[in-house]
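Asker: Input: one structure, supplied below.
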Amino acid sequence: MSLRLFNSLSRQVESFVPLVRGKVSLYVCGMTIYDLCHVGHARMMMSFDVVQRWLRASGFDVTYVRNITDIDDKIIRRAVERGITIRQLTDEMTAAMHQDVAALGIELPTHEPRATDYVSQMVDMIGRLEGRGLAYRASNGDVNYAVRKFEGYGKLSGKSLDQLRAGERVAVDDGKRDPLDFVLWKAAKLEEPADAKYESVFGVGRPGWHIECSAMSCALLGEHFDIHGGGLDLQFPHHENEIAQSEGASGKPFVNYWMHNGFLNVDNEKMSKSVGNFFTIRDVLKSYDGETVRFFMLRAHYRSPFNYSDAGLDDARHGLRRMYTALDTVNVGATQAVNWLHPQAARFKAAMDEDFNTPIAVSVLFDLAAEVNRSGSLEAASLLKSLGGILGLLQQSPKAYLQAGGAQDAEVDVAAIEALIDARSVAKKARNFAESDRIRDELAKQGIVLKDGALGTTWVKA
């Protein structure tokens with residue numbers, strides 16, 4: 001089975017065919033670096049970390065670009081508030097981001113361009129748009145994109161120009177000919193710091209946000225590339241505007257496949273500072289180790305809405321310990337090449353090839369852990385570790401992981417509990433419900449509460 005992915009542009013799952021055989025060009029919109037990254041950012045970066053990992057595991061040579069936006073209104077305001085330069089702020093926040101994502105096992109991209117290093121490419125692209133009649137200089141010194149002059153605007157969001165216009169809630173900005181028009185180059189304001197101002201043929205100013213990604217992606221991957229990704233919140237207007245800019249400037253198709261990860265909620269409510277449910281990655285890492293957070297996120301499909309909760313993290317921690325406990329019973333050694341003909345490996349591959357279905361892939365890991373606990377199979381343990389490694393999991397020493405994270409379970413015999421859970425699973429599959437209930441009751445007497453889910457059974461100490 002070949003790789004299939006959901007293309008936001010066509011709104012359907014499609015077979016993936018790269019532009020160049022054996023190679024994949026992937027661009028993902030990264031962070032605007034003015035503050036610490038939050039769990040929503042982690043969810044986006046985790047989603048595309050898995051994408052690039054599976055592409056590589058599938059034998060593709062991947063060029064993965066994830067940018068850094070280091071010039072923006074919020075960045076300027078924060079730097080002024082703190083009394084430091086823009087570069088000092090963005091260097092500090094970039095270093096913090098790298099520390100946070102490393103703790104989650106998120107790999108660095110092939111290229112991590114900073115917007116401020118590509119201003120000349122942005123100016124050049126704006127000039128080409130102006131030459132094609134798609135950009136105009138406004139009376140306030142800005143340069144704007146003339147949306148209605150680009151045929152096909154709205155194809156990614158699936159909305160017509162009239163529908164988009166009907167959604168306008170703000171007055172037309174000074175200098176705009178149409179409310180849908182957006183800024184390509186912002187004229188400098190007197191009160192802005194000197195390091196926010198760049199010289200160009202359009203006057204002193206700075207690039208608009210949308211043009212940054214168009215220029216960086218085309219500079220590093222070419223004017224036509226394979227996959228562009230980002231959060232669902234970027235589909236409109238950011239990604240729609242990228243298409244208009246890039247195709248308007250080059251006259252070529254921009255991207256073949258668009259991918260968007262789903263929204264993040266906290267306890268089933270949208271994350272917001274105003275309601276007090278806002279968490280940075282660092283907040284979460286104070287209570288949970290990075291691999292638990294990673295495992296927690298991978299149990300949800302990247303396109304699904306993702307609900308962050310302590311209960312979910314606790315459940316993930318026990319599930320991860322269950323797999324490490326299985327590995328601790330067998331001396332696996334170094335990670336081995338995967339035999340994709342093995343039935344469980346084939347199930348894992350089929351899941352990942354069908355739009356990166358990590359929940360099913362994780363269920364394969366649970367099944368392998370159960371097999372190890374049941375039979376002590378070295379083959380199953382080796383495969384468990386190897387498949388886990390593809391997802392960025394299970395590469396620590398089992399003993400070290402269990403000792404580091406097992407303090408709260410010191411009074412219980414984790415291995416014995418996991419063995420009973422696996423015995424109960426066997427009984428349920430054999431429809432021996434009396435034995436299944438007996439094991440549940442036996443564990444309950446020890447204060448162990450079981451939770452059955454689609455991905456297996458986890459437990460907590462009551």
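Identifiers for the structure tokens are assigned positionally: chains receive A, B, ... in sequence, residues are indexed from 1 per chain, and ligands are indexed from 1 in the order shown.
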Near Lys349 of chain A, within 12 Å and counting only C-alpha atoms, which residues show up once chain neighbours fewer than 3 positions away are dropped, as number ranges by chain?

Answerer: A: 1-4, 54-55, 57-58, 338-346, 352-358, 360-362, 364, 387, 390-391

Asker: Got time to write the residues from that selection, N, CA and C atoms, as a compact mmCIF listing (two decimals), in the first residue's frame?

Answerer:
```txt
# COMPACT_ATOMS: atom_id res chain seq x y z
N MET A 1 0.85 -1.19 0.00
CA MET A 1 0.00 0.00 0.00
C MET A 1 0.88 1.24 0.00
N SER A 2 0.57 2.19 -0.87
CA SER A 2 1.35 3.42 -0.93
C SER A 2 0.78 4.45 0.04
N LEU A 3 1.59 5.45 0.34
CA LEU A 3 1.19 6.50 1.28
C LEU A 3 0.04 7.32 0.73
N ARG A 4 -0.96 7.53 1.57
CA ARG A 4 -2.09 8.41 1.25
C ARG A 4 -2.21 9.46 2.34
N TRP A 54 7.93 9.58 9.41
CA TRP A 54 7.40 8.47 8.63
C TRP A 54 7.84 8.56 7.17
N LEU A 55 7.93 9.75 6.62
CA LEU A 55 8.42 9.90 5.26
C LEU A 55 9.85 9.34 5.15
N ALA A 57 11.25 7.14 7.23
CA ALA A 57 11.18 5.69 7.46
C ALA A 57 10.69 4.95 6.21
N SER A 58 9.94 5.65 5.37
CA SER A 58 9.43 5.07 4.13
C SER A 58 10.43 5.13 2.99
N VAL A 338 13.38 -2.84 10.74
CA VAL A 338 12.05 -3.46 10.84
C VAL A 338 11.82 -4.44 9.70
N ASN A 339 11.32 -5.62 10.06
CA ASN A 339 10.87 -6.59 9.06
C ASN A 339 9.40 -6.28 8.77
N TRP A 340 9.15 -5.58 7.66
CA TRP A 340 7.79 -5.12 7.37
C TRP A 340 6.86 -6.25 6.96
N LEU A 341 7.40 -7.47 6.81
CA LEU A 341 6.54 -8.60 6.50
C LEU A 341 5.90 -9.19 7.77
N HIS A 342 6.44 -8.83 8.93
CA HIS A 342 5.85 -9.29 10.18
C HIS A 342 4.42 -8.73 10.27
N PRO A 343 3.44 -9.55 10.66
CA PRO A 343 2.04 -9.09 10.68
C PRO A 343 1.81 -7.80 11.46
N GLN A 344 2.45 -7.67 12.63
CA GLN A 344 2.25 -6.45 13.42
C GLN A 344 2.93 -5.25 12.76
N ALA A 345 4.10 -5.47 12.16
CA ALA A 345 4.77 -4.39 11.44
C ALA A 345 3.95 -3.95 10.24
N ALA A 346 3.34 -4.92 9.56
CA ALA A 346 2.50 -4.61 8.40
C ALA A 346 1.28 -3.79 8.83
N MET A 352 0.10 3.95 9.28
CA MET A 352 0.85 5.18 9.00
C MET A 352 0.71 5.60 7.54
N ASP A 353 0.58 4.63 6.64
CA ASP A 353 0.40 4.95 5.23
C ASP A 353 -0.98 5.53 4.93
N GLU A 354 -1.93 5.33 5.84
CA GLU A 354 -3.27 5.88 5.65
C GLU A 354 -3.40 7.18 6.44
N ASP A 355 -2.78 8.25 5.90
CA ASP A 355 -2.85 9.58 6.48
C ASP A 355 -2.28 9.65 7.90
N PHE A 356 -1.16 8.92 8.13
CA PHE A 356 -0.40 9.03 9.37
C PHE A 356 -1.30 8.73 10.59
N ASN A 357 -1.93 7.57 10.57
CA ASN A 357 -2.90 7.21 11.61
C ASN A 357 -2.18 6.69 12.85
N THR A 358 -1.67 7.59 13.66
CA THR A 358 -0.92 7.19 14.85
C THR A 358 -1.75 6.46 15.90
N ILE A 360 -3.92 4.05 15.53
CA ILE A 360 -3.86 2.62 15.21
C ILE A 360 -2.43 2.12 15.36
N ALA A 361 -1.45 2.93 14.95
CA ALA A 361 -0.05 2.52 15.11
C ALA A 361 0.28 2.29 16.58
N VAL A 362 -0.24 3.15 17.46
CA VAL A 362 -0.01 2.98 18.90
C VAL A 362 -0.68 1.72 19.42
N VAL A 364 -0.89 -1.01 17.88
CA VAL A 364 0.03 -2.09 17.54
C VAL A 364 1.11 -2.21 18.62
N LEU A 387 9.56 -0.13 16.19
CA LEU A 387 8.40 0.64 15.75
C LEU A 387 8.19 1.86 16.62
N ILE A 390 10.35 4.75 15.51
CA ILE A 390 9.86 5.52 14.36
C ILE A 390 8.98 6.66 14.81
N LEU A 391 8.24 6.44 15.90
CA LEU A 391 7.38 7.50 16.45
C LEU A 391 8.09 8.35 17.50
```

Asker: Can you list, as a short mmCIF file (atom, residue, chain, number, x, y, z; two decimals) with N, CA and C atoms, in the first residue's frame, every protein, DNA or RNA residue that comes within 9 Å of Tyr118 of chain A when you count only C-alpha atoms, leaving out same-chain residues fewer than 6 positions away?

Answerer:
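Below you can see out_7.cif, which holds the result:
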```cif
data_model
loop_
_atom_site.label_atom_id
_atom_site.label_comp_id
_atom_site.auth_asym_id
_atom_site.auth_seq_id
_atom_site.Cartn_x
_atom_site.Cartn_y
_atom_site.Cartn_z
N GLU A 212 6.30 36.54 4.07
CA GLU A 212 7.49 35.90 4.63
C GLU A 212 7.56 34.42 4.26
N ALA A 215 8.15 33.71 0.48
CA ALA A 215 9.54 33.94 0.06
C ALA A 215 10.48 32.87 0.58
N MET A 216 10.35 32.51 1.85
CA MET A 216 11.25 31.51 2.44
C MET A 216 11.05 30.13 1.83
N ALA A 219 12.38 30.10 -1.75
CA ALA A 219 13.85 30.21 -1.78
C ALA A 219 14.52 28.89 -1.45
#
```

Asker: Residues at most 12 Å from Ala311 of chain A, counting only C-alpha atoms, excluding those fewer than 5 positions away in the same chain, as number ranges by chain?

Answerer: A: 266-267, 288, 296, 316-318, 451, 458-460

Asker: Next, write the just-selected residues to a file, as a PDB file, in the first residue's frame, keeping C-alpha atoms as the atom set.

Answerer:
```pdb
ATOM      1  CA  VAL A 266      -7.995  22.233  27.299  1.00  0.00           C
ATOM      2  CA  ASP A 267     -10.523  20.133  29.222  1.00  0.00           C
ATOM      3  CA  TYR A 288       5.194  15.255  33.171  1.00  0.00           C
ATOM      4  CA  PHE A 296      -0.154  11.564  24.892  1.00  0.00           C
ATOM      5  CA  ALA A 316      -0.660   8.260  28.769  1.00  0.00           C
ATOM      6  CA  ARG A 317       1.967   7.957  31.502  1.00  0.00           C
ATOM      7  CA  HIS A 318       0.603   4.609  32.636  1.00  0.00           C
ATOM      8  CA  LYS A 451      -9.610   2.030  32.284  1.00  0.00           C
ATOM      9  CA  THR A 458      -4.385   1.525  31.424  1.00  0.00           C
ATOM     10  CA  TRP A 459      -4.486   1.776  35.195  1.00  0.00           C
ATOM     11  CA  VAL A 460      -4.188   4.215  38.085  1.00  0.00           C
TER      12      VAL A 460
END
```

Asker: What's the 12 Å shell around Ala42 of chain A, counting only C-alpha atoms, without same-chain residues fewer than 4 positions away, as JSON, numbers by chain?

Answerer: {"A": [30, 31, 36, 37, 38, 46, 47, 48, 49, 97, 98, 100, 101, 102, 103, 104, 105, 106, 230, 231, 261, 263, 264, 279, 280, 281, 282, 284, 285, 290, 293, 294, 296, 297, 298, 302, 306, 308]}
